[in-house]
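File shown: structure02.pdb. Contents: PDB, N, CA and C atoms.
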```pdb
ATOM      1  N   MET U 226       0.837  -1.176   0.000
ATOM      2  CA  MET U 226       0.000   0.000   0.000
ATOM      3  C   MET U 226       0.877   1.233   0.000
ATOM      4  N   VAL U 227       0.549   2.138  -0.903
ATOM      5  CA  VAL U 227       1.192   3.445  -0.934
ATOM      6  C   VAL U 227       0.055   4.434  -0.757
ATOM      7  N   CYS U 228      -0.065   5.010   0.438
ATOM      8  CA  CYS U 228      -1.214   5.882   0.686
ATOM      9  C   CYS U 228      -0.893   6.965   1.700
ATOM     10  N   GLY U 229      -1.584   8.084   1.542
ATOM     11  CA  GLY U 229      -1.476   9.166   2.507
ATOM     12  C   GLY U 229      -0.132   9.850   2.540
ATOM     13  N   ASP U 230       0.604   9.795   1.451
ATOM     14  CA  ASP U 230       1.936  10.398   1.411
ATOM     15  C   ASP U 230       1.927  11.691   0.612
ATOM     16  N   VAL U 231       2.942  12.509   0.831
ATOM     17  CA  VAL U 231       3.172  13.698   0.018
ATOM     18  C   VAL U 231       4.505  13.499  -0.685
ATOM     19  N   TYR U 232       4.484  13.580  -1.998
ATOM     20  CA  TYR U 232       5.687  13.433  -2.798
ATOM     21  C   TYR U 232       6.074  14.795  -3.350
ATOM     22  N   ASP U 233       7.103  15.382  -2.764
ATOM     23  CA  ASP U 233       7.599  16.684  -3.209
ATOM     24  C   ASP U 233       8.743  16.411  -4.168
ATOM     25  N   ILE U 234       8.450  16.477  -5.457
ATOM     26  CA  ILE U 234       9.450  16.153  -6.474
ATOM     27  C   ILE U 234       9.765  17.372  -7.333
ATOM     28  N   ARG U 235       9.768  18.531  -6.677
ATOM     29  CA  ARG U 235      10.065  19.774  -7.392
ATOM     30  C   ARG U 235      11.483  19.821  -7.924
ATOM     31  N   ASN U 236      12.424  19.249  -7.237
ATOM     32  CA  ASN U 236      13.823  19.346  -7.658
ATOM     33  C   ASN U 236      14.373  18.011  -8.137
ATOM     34  N   VAL U 237      13.481  17.132  -8.587
ATOM     35  CA  VAL U 237      13.902  15.812  -9.043
ATOM     36  C   VAL U 237      14.145  15.832 -10.545
ATOM     37  N   SER U 238      15.283  15.336 -10.944
ATOM     38  CA  SER U 238      15.583  15.173 -12.363
ATOM     39  C   SER U 238      15.440  13.693 -12.688
ATOM     40  N   ALA U 239      14.208  13.293 -12.855
ATOM     41  CA  ALA U 239      13.933  11.868 -13.080
ATOM     42  C   ALA U 239      14.059  11.505 -14.547
ATOM     43  N   GLY U 240      14.009  10.208 -14.817
ATOM     44  CA  GLY U 240      14.002   9.747 -16.195
ATOM     45  C   GLY U 240      12.766  10.272 -16.918
ATOM     46  N   ALA U 241      12.800  10.238 -18.212
ATOM     47  CA  ALA U 241      11.699  10.788 -19.003
ATOM     48  C   ALA U 241      10.389  10.043 -18.786
ATOM     49  N   ASP U 242      10.463   8.781 -18.344
ATOM     50  CA  ASP U 242       9.240   7.992 -18.244
ATOM     51  C   ASP U 242       8.664   7.908 -16.840
ATOM     52  N   HIS U 243       9.299   8.509 -15.846
ATOM     53  CA  HIS U 243       8.743   8.470 -14.490
ATOM     54  C   HIS U 243       9.356   9.568 -13.623
ATOM     55  N   SER U 244       8.649   9.917 -12.574
ATOM     56  CA  SER U 244       9.178  10.927 -11.669
ATOM     57  C   SER U 244       8.708  10.751 -10.234
ATOM     58  N   GLY U 245       7.746   9.862  -9.963
ATOM     59  CA  GLY U 245       7.223   9.728  -8.618
ATOM     60  C   GLY U 245       7.230   8.303  -8.123
ATOM     61  N   ILE U 246       6.148   7.572  -8.348
ATOM     62  CA  ILE U 246       6.037   6.176  -7.917
ATOM     63  C   ILE U 246       6.080   5.306  -9.161
ATOM     64  N   GLN U 247       6.973   4.341  -9.185
ATOM     65  CA  GLN U 247       7.038   3.425 -10.316
ATOM     66  C   GLN U 247       7.252   2.012  -9.794
ATOM     67  N   TYR U 248       6.605   1.058 -10.433
ATOM     68  CA  TYR U 248       6.794  -0.359 -10.115
ATOM     69  C   TYR U 248       7.468  -1.023 -11.304
ATOM     70  N   TRP U 249       8.490  -1.799 -11.033
ATOM     71  CA  TRP U 249       9.185  -2.536 -12.078
ATOM     72  C   TRP U 249       9.254  -3.998 -11.660
ATOM     73  N   ARG U 250       8.799  -4.891 -12.518
ATOM     74  CA  ARG U 250       8.793  -6.319 -12.204
ATOM     75  C   ARG U 250       9.907  -7.019 -12.963
ATOM     76  N   ASP U 251      10.767  -7.689 -12.242
ATOM     77  CA  ASP U 251      11.833  -8.466 -12.874
ATOM     78  C   ASP U 251      11.451  -9.930 -13.046
ATOM     79  N   PHE U 252      10.540 -10.424 -12.179
ATOM     80  CA  PHE U 252      10.197 -11.842 -12.218
ATOM     81  C   PHE U 252       8.693 -12.004 -12.394
ATOM     82  N   ALA U 253       8.283 -12.642 -13.464
ATOM     83  CA  ALA U 253       6.863 -12.862 -13.736
ATOM     84  C   ALA U 253       6.314 -13.983 -12.861
ATOM     85  N   GLY U 254       4.992 -13.967 -12.683
ATOM     86  CA  GLY U 254       4.329 -15.072 -12.014
ATOM     87  C   GLY U 254       4.375 -15.046 -10.497
ATOM     88  N   THR U 255       4.833 -13.956  -9.901
ATOM     89  CA  THR U 255       4.900 -13.911  -8.438
ATOM     90  C   THR U 255       3.568 -13.491  -7.823
ATOM     91  N   GLY U 256       2.735 -12.783  -8.594
ATOM     92  CA  GLY U 256       1.443 -12.323  -8.094
ATOM     93  C   GLY U 256       1.525 -11.128  -7.169
ATOM     94  N   VAL U 257       2.708 -10.551  -7.019
ATOM     95  CA  VAL U 257       2.867  -9.428  -6.089
ATOM     96  C   VAL U 257       2.018  -8.221  -6.494
ATOM     97  N   GLU U 258       1.764  -8.064  -7.798
ATOM     98  CA  GLU U 258       0.964  -6.924  -8.240
ATOM     99  C   GLU U 258      -0.445  -6.938  -7.658
ATOM    100  N   GLN U 259      -0.950  -8.117  -7.358
ATOM    101  CA  GLN U 259      -2.320  -8.234  -6.855
ATOM    102  C   GLN U 259      -2.524  -7.486  -5.550
ATOM    103  N   SER U 260      -1.461  -7.206  -4.827
ATOM    104  CA  SER U 260      -1.614  -6.557  -3.531
ATOM    105  C   SER U 260      -1.192  -5.092  -3.537
ATOM    106  N   ILE U 261      -0.843  -4.532  -4.685
ATOM    107  CA  ILE U 261      -0.365  -3.151  -4.730
ATOM    108  C   ILE U 261      -1.522  -2.194  -4.975
ATOM    109  N   VAL U 262      -1.677  -1.239  -4.064
ATOM    110  CA  VAL U 262      -2.660  -0.173  -4.219
ATOM    111  C   VAL U 262      -1.981   1.158  -3.937
ATOM    112  N   VAL U 263      -2.324   2.171  -4.736
ATOM    113  CA  VAL U 263      -1.753   3.504  -4.603
ATOM    114  C   VAL U 263      -2.918   4.475  -4.507
ATOM    115  N   PHE U 264      -3.134   5.058  -3.316
ATOM    116  CA  PHE U 264      -4.299   5.945  -3.178
ATOM    117  C   PHE U 264      -4.069   7.054  -2.157
ATOM    118  N   ASP U 265      -4.832   8.125  -2.328
ATOM    119  CA  ASP U 265      -4.832   9.272  -1.406
ATOM    120  C   ASP U 265      -3.451   9.886  -1.196
ATOM    121  N   ASN U 266      -2.672   9.980  -2.257
ATOM    122  CA  ASN U 266      -1.366  10.623  -2.183
ATOM    123  C   ASN U 266      -1.441  11.999  -2.834
ATOM    124  N   ARG U 267      -0.564  12.896  -2.414
ATOM    125  CA  ARG U 267      -0.496  14.238  -2.978
ATOM    126  C   ARG U 267       0.891  14.433  -3.578
ATOM    127  N   PHE U 268       0.919  15.042  -4.758
ATOM    128  CA  PHE U 268       2.178  15.281  -5.462
ATOM    129  C   PHE U 268       2.424  16.773  -5.632
ATOM    130  N   VAL U 269       3.628  17.191  -5.307
ATOM    131  CA  VAL U 269       4.064  18.555  -5.571
ATOM    132  C   VAL U 269       5.050  18.429  -6.726
ATOM    133  N   ASP U 270       4.624  18.794  -7.920
ATOM    134  CA  ASP U 270       5.443  18.592  -9.112
ATOM    135  C   ASP U 270       5.163  19.694 -10.121
ATOM    136  N   PRO U 271       6.093  20.626 -10.291
ATOM    137  CA  PRO U 271       5.867  21.708 -11.252
ATOM    138  C   PRO U 271       5.821  21.241 -12.700
ATOM    139  N   ALA U 272       6.318  20.034 -12.968
ATOM    140  CA  ALA U 272       6.289  19.493 -14.328
ATOM    141  C   ALA U 272       5.060  18.618 -14.553
ATOM    142  N   ALA U 273       4.117  18.657 -13.639
ATOM    143  CA  ALA U 273       2.918  17.820 -13.734
ATOM    144  C   ALA U 273       2.209  18.010 -15.055
ATOM    145  N   GLY U 274       1.819  16.902 -15.639
ATOM    146  CA  GLY U 274       1.035  16.945 -16.856
ATOM    147  C   GLY U 274       1.823  17.124 -18.129
ATOM    148  N   GLN U 275       3.120  17.316 -18.032
ATOM    149  CA  GLN U 275       3.914  17.467 -19.244
ATOM    150  C   GLN U 275       4.044  16.108 -19.935
ATOM    151  N   PRO U 276       4.121  16.102 -21.259
ATOM    152  CA  PRO U 276       4.244  14.834 -21.979
ATOM    153  C   PRO U 276       5.441  14.024 -21.484
ATOM    154  N   GLY U 277       5.248  12.728 -21.329
ATOM    155  CA  GLY U 277       6.323  11.851 -20.916
ATOM    156  C   GLY U 277       6.679  11.933 -19.445
ATOM    157  N   ARG U 278       5.803  12.525 -18.627
ATOM    158  CA  ARG U 278       6.108  12.632 -17.192
ATOM    159  C   ARG U 278       4.931  12.158 -16.354
ATOM    160  N   PRO U 279       4.619  10.886 -16.391
ATOM    161  CA  PRO U 279       3.617  10.389 -15.464
ATOM    162  C   PRO U 279       4.235  10.271 -14.080
ATOM    163  N   ASP U 280       3.494  10.624 -13.066
ATOM    164  CA  ASP U 280       4.014  10.529 -11.710
ATOM    165  C   ASP U 280       3.683   9.200 -11.055
ATOM    166  N   ILE U 281       2.811   8.405 -11.652
ATOM    167  CA  ILE U 281       2.534   7.051 -11.174
ATOM    168  C   ILE U 281       2.526   6.149 -12.403
ATOM    169  N   SER U 282       3.403   5.154 -12.414
ATOM    170  CA  SER U 282       3.447   4.268 -13.575
ATOM    171  C   SER U 282       3.996   2.902 -13.172
ATOM    172  N   GLN U 283       3.765   1.933 -14.031
ATOM    173  CA  GLN U 283       4.346   0.614 -13.838
ATOM    174  C   GLN U 283       4.778   0.068 -15.183
ATOM    175  N   SER U 284       5.806  -0.751 -15.157
ATOM    176  CA  SER U 284       6.348  -1.323 -16.382
ATOM    177  C   SER U 284       6.376  -2.844 -16.276
ATOM    178  N   ALA U 285       5.986  -3.506 -17.333
ATOM    179  CA  ALA U 285       6.135  -4.955 -17.478
ATOM    180  C   ALA U 285       5.291  -5.776 -16.513
ATOM    181  N   GLY U 286       4.290  -5.190 -15.888
ATOM    182  CA  GLY U 286       3.420  -5.940 -14.990
ATOM    183  C   GLY U 286       2.022  -6.065 -15.562
ATOM    184  N   ASP U 287       1.107  -6.588 -14.784
ATOM    185  CA  ASP U 287      -0.288  -6.751 -15.181
ATOM    186  C   ASP U 287      -1.055  -5.494 -14.770
ATOM    187  N   PRO U 288      -1.485  -4.659 -15.713
ATOM    188  CA  PRO U 288      -2.159  -3.412 -15.347
ATOM    189  C   PRO U 288      -3.470  -3.618 -14.595
ATOM    190  N   ASP U 289      -4.112  -4.774 -14.766
ATOM    191  CA  ASP U 289      -5.363  -5.023 -14.061
ATOM    192  C   ASP U 289      -5.146  -5.442 -12.610
ATOM    193  N   ALA U 290      -3.913  -5.724 -12.237
ATOM    194  CA  ALA U 290      -3.636  -6.177 -10.873
ATOM    195  C   ALA U 290      -3.500  -5.014  -9.892
ATOM    196  N   PHE U 291      -3.173  -3.844 -10.380
ATOM    197  CA  PHE U 291      -2.930  -2.692  -9.526
ATOM    198  C   PHE U 291      -4.212  -1.916  -9.277
ATOM    199  N   GLY U 292      -4.286  -1.252  -8.143
ATOM    200  CA  GLY U 292      -5.401  -0.365  -7.867
ATOM    201  C   GLY U 292      -4.894   1.036  -7.597
ATOM    202  N   VAL U 293      -5.409   2.018  -8.323
ATOM    203  CA  VAL U 293      -4.987   3.404  -8.163
ATOM    204  C   VAL U 293      -6.232   4.257  -7.973
ATOM    205  N   HIS U 294      -6.215   5.128  -6.950
ATOM    206  CA  HIS U 294      -7.398   5.934  -6.660
ATOM    207  C   HIS U 294      -7.037   7.234  -5.940
ATOM    208  N   ASP U 295      -7.628   8.330  -6.364
ATOM    209  CA  ASP U 295      -7.601   9.618  -5.661
ATOM    210  C   ASP U 295      -6.199  10.107  -5.308
ATOM    211  N   ASN U 296      -5.321  10.131  -6.299
ATOM    212  CA  ASN U 296      -4.004  10.745  -6.138
ATOM    213  C   ASN U 296      -4.068  12.094  -6.845
ATOM    214  N   THR U 297      -3.677  13.159  -6.163
ATOM    215  CA  THR U 297      -3.850  14.494  -6.722
ATOM    216  C   THR U 297      -2.583  15.339  -6.596
ATOM    217  N   TYR U 298      -2.562  16.375  -7.429
ATOM    218  CA  TYR U 298      -1.524  17.400  -7.312
ATOM    219  C   TYR U 298      -1.980  18.433  -6.288
ATOM    220  N   SER U 299      -1.101  19.351  -5.955
ATOM    221  CA  SER U 299      -1.398  20.376  -4.951
ATOM    222  C   SER U 299      -2.659  21.163  -5.274
ATOM    223  N   ASP U 300      -2.923  21.362  -6.564
ATOM    224  CA  ASP U 300      -4.105  22.139  -6.960
ATOM    225  C   ASP U 300      -5.383  21.302  -7.011
ATOM    226  N   GLY U 301      -5.290  20.021  -6.671
ATOM    227  CA  GLY U 301      -6.460  19.154  -6.657
ATOM    228  C   GLY U 301      -6.697  18.386  -7.938
ATOM    229  N   SER U 302      -5.935  18.670  -8.988
ATOM    230  CA  SER U 302      -6.116  17.941 -10.251
ATOM    231  C   SER U 302      -5.556  16.524 -10.103
ATOM    232  N   PRO U 303      -6.129  15.567 -10.853
ATOM    233  CA  PRO U 303      -5.714  14.159 -10.702
ATOM    234  C   PRO U 303      -4.325  13.882 -11.272
ATOM    235  N   VAL U 304      -3.612  12.984 -10.631
ATOM    236  CA  VAL U 304      -2.314  12.529 -11.117
ATOM    237  C   VAL U 304      -2.560  11.406 -12.114
ATOM    238  N   PRO U 305      -2.018  11.494 -13.331
ATOM    239  CA  PRO U 305      -2.212  10.406 -14.278
ATOM    240  C   PRO U 305      -1.485   9.152 -13.820
ATOM    241  N   ALA U 306      -2.104   8.019 -14.031
ATOM    242  CA  ALA U 306      -1.492   6.732 -13.708
ATOM    243  C   ALA U 306      -1.372   5.947 -15.005
ATOM    244  N   VAL U 307      -0.178   5.521 -15.328
ATOM    245  CA  VAL U 307       0.084   4.812 -16.571
ATOM    246  C   VAL U 307       0.304   3.335 -16.255
ATOM    247  N   GLY U 308      -0.453   2.466 -16.905
ATOM    248  CA  GLY U 308      -0.271   1.034 -16.753
ATOM    249  C   GLY U 308      -0.921   0.445 -15.510
ATOM    250  N   MET U 309      -1.864   1.166 -14.907
ATOM    251  CA  MET U 309      -2.580   0.680 -13.729
ATOM    252  C   MET U 309      -4.049   1.035 -13.885
ATOM    253  N   ARG U 310      -4.919   0.244 -13.269
ATOM    254  CA  ARG U 310      -6.352   0.498 -13.408
ATOM    255  C   ARG U 310      -6.876   1.335 -12.241
ATOM    256  N   PRO U 311      -7.821   2.227 -12.523
ATOM    257  CA  PRO U 311      -8.459   2.946 -11.417
ATOM    258  C   PRO U 311      -9.303   1.972 -10.598
ATOM    259  N   ALA U 312      -9.168   2.001  -9.295
ATOM    260  CA  ALA U 312      -9.948   1.119  -8.432
ATOM    261  C   ALA U 312      -9.978   1.684  -7.022
ATOM    262  N   MET U 313     -11.162   1.726  -6.451
ATOM    263  CA  MET U 313     -11.338   2.170  -5.073
ATOM    264  C   MET U 313     -10.716   1.139  -4.143
ATOM    265  N   PRO U 314      -9.881   1.575  -3.177
ATOM    266  CA  PRO U 314      -9.318   0.605  -2.234
ATOM    267  C   PRO U 314     -10.399   0.035  -1.332
ATOM    268  N   THR U 315     -10.182  -1.163  -0.851
ATOM    269  CA  THR U 315     -11.153  -1.798   0.032
ATOM    270  C   THR U 315     -11.249  -1.014   1.337
ATOM    271  N   ALA U 316     -12.324  -1.215   2.065
ATOM    272  CA  ALA U 316     -12.515  -0.551   3.358
ATOM    273  C   ALA U 316     -11.380  -0.918   4.316
ATOM    274  N   GLN U 317     -10.922  -2.149   4.261
ATOM    275  CA  GLN U 317      -9.830  -2.588   5.130
ATOM    276  C   GLN U 317      -8.546  -1.811   4.825
ATOM    277  N   ARG U 318      -8.247  -1.621   3.556
ATOM    278  CA  ARG U 318      -7.040  -0.876   3.186
ATOM    279  C   ARG U 318      -7.179   0.592   3.549
ATOM    280  N   GLN U 319      -8.370   1.148   3.372
ATOM    281  CA  GLN U 319      -8.587   2.544   3.763
ATOM    282  C   GLN U 319      -8.382   2.710   5.262
ATOM    283  N   ALA U 320      -8.882   1.766   6.041
ATOM    284  CA  ALA U 320      -8.741   1.838   7.499
ATOM    285  C   ALA U 320      -7.274   1.754   7.911
ATOM    286  N   ARG U 321      -6.508   0.906   7.232
ATOM    287  CA  ARG U 321      -5.079   0.781   7.561
ATOM    288  C   ARG U 321      -4.323   2.064   7.293
ATOM    289  N   CYS U 322      -4.788   2.842   6.315
ATOM    290  CA  CYS U 322      -4.097   4.073   5.950
ATOM    291  C   CYS U 322      -4.633   5.276   6.733
ATOM    292  N   SER U 323      -5.802   5.171   7.276
ATOM    293  CA  SER U 323      -6.445   6.288   7.958
ATOM    294  C   SER U 323      -5.653   6.729   9.183
ATOM    295  N   GLY U 324      -5.334   8.006   9.220
ATOM    296  CA  GLY U 324      -4.651   8.559  10.376
ATOM    297  C   GLY U 324      -3.172   8.235  10.471
ATOM    298  N   VAL U 325      -2.630   7.604   9.441
ATOM    299  CA  VAL U 325      -1.211   7.263   9.462
ATOM    300  C   VAL U 325      -0.394   8.526   9.246
ATOM    301  N   THR U 326       0.598   8.727  10.059
ATOM    302  CA  THR U 326       1.505   9.853   9.869
ATOM    303  C   THR U 326       2.930   9.333   9.814
ATOM    304  N   ALA U 327       3.726   9.977   9.014
ATOM    305  CA  ALA U 327       5.124   9.552   8.882
ATOM    306  C   ALA U 327       5.871   9.847  10.170
ATOM    307  N   PRO U 328       6.783   8.968  10.566
ATOM    308  CA  PRO U 328       7.561   9.221  11.780
ATOM    309  C   PRO U 328       8.496  10.404  11.584
ATOM    310  N   VAL U 329       8.850  11.061  12.677
ATOM    311  CA  VAL U 329       9.805  12.154  12.605
ATOM    312  C   VAL U 329      11.172  11.535  12.338
ATOM    313  N   MET U 330      11.803  11.996  11.280
ATOM    314  CA  MET U 330      13.099  11.431  10.922
ATOM    315  C   MET U 330      14.099  12.554  10.750
ATOM    316  N   GLN U 331      15.298  12.361  11.249
ATOM    317  CA  GLN U 331      16.357  13.328  11.034
ATOM    318  C   GLN U 331      17.450  12.627  10.248
ATOM    319  N   VAL U 332      17.703  13.131   9.073
ATOM    320  CA  VAL U 332      18.713  12.540   8.206
ATOM    321  C   VAL U 332      19.929  13.463   8.201
ATOM    322  N   PRO U 333      21.099  12.945   8.543
ATOM    323  CA  PRO U 333      22.275  13.802   8.564
ATOM    324  C   PRO U 333      22.601  14.317   7.175
ATOM    325  N   GLU U 334      23.133  15.525   7.131
ATOM    326  CA  GLU U 334      23.498  16.139   5.862
ATOM    327  C   GLU U 334      24.651  15.348   5.232
ATOM    328  N   TYR U 335      24.550  15.119   3.926
ATOM    329  CA  TYR U 335      25.576  14.361   3.222
ATOM    330  C   TYR U 335      26.708  15.282   2.820
ATOM    331  N   SER U 336      27.919  14.860   3.035
ATOM    332  CA  SER U 336      29.074  15.621   2.572
ATOM    333  C   SER U 336      30.124  14.625   2.089
ATOM    334  N   GLY U 337      30.685  14.907   0.993
ATOM    335  CA  GLY U 337      31.710  13.995   0.521
ATOM    336  C   GLY U 337      31.608  13.792  -0.899
TER     337      GLY U 337
END
```

Starting from the file, give its structure as structure tokens.
Amino acid sequence: MVCGDVYDIRNVSAGADHSGIQYWRDFAGTGVEQSIVVFDNRFVDPAAGQPGRPDISQSAGDPDAFGVHDNTYSDGSPVPAVGMRPAMPTAQRQARCSGVTAPVMQVPEYSG
């Protein structure tokens, strides 16, 4: 489950085919896609909507196995999802994500 997150990708120089959440499958037949849902996320992306810049995409998997719902940009417009089907998450998955907050993390500054 990828839910309730904020993806601030204003300063990301991503590949032409992705910039936010991407799934890549190396091994077929595992069925892992059946459990992946991406919902209620917010994206801060000044390049939103530009050709070749989907913020949610998957490659080489089963597009019907994924569930994507209610992911938006800061202005409320929908985030395009490439290679995944729109699907409302189950009540159980919504409950698991409800009220979740990211832990406070302090990452030391990188130098070197």

Given the file shown, determine the residues that the PyMOL selection byres ((chain U and resi 294-309) around 6.5) selects; report them as a list in words. Val263, Phe264, Asp265, Asn266, Arg267, Phe268, Val269, Asp270, Pro279, Asp280, Ile281, Ser282, Gln283, Asp287, Pro288, Asp289, Phe291, Gly292, Val293, Arg310, Pro311, Ala312, Met313 and Pro314 of chain U

Separation of CA of Ala316 (chain U) from atom N of Val227 (chain U) in Å: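 So the two atoms, atom N of Val227 (chain U) and CA of Ala316 (chain U), lie 14.0 Å apart.
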
Between CA of Gln247 (chain U) and CA of Arg318 (chain U), what is the distance, to one decimal in Å?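 Taking CA of Gln247 (chain U) as the start and CA of Arg318 (chain U) as the end point, the length is 20.0 Å.
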
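In this model, the gap between CA of Asn236 (chain U) and atom C of Ser260 (chain U) comes to 29.0 Å.
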
Under the rule that all atoms listed in the file are counted, which of U:Gln317, U:Tyr248, U:Gln259, U:Cys322 is the nearest residue to Ala285 (chain U)? U:Tyr248
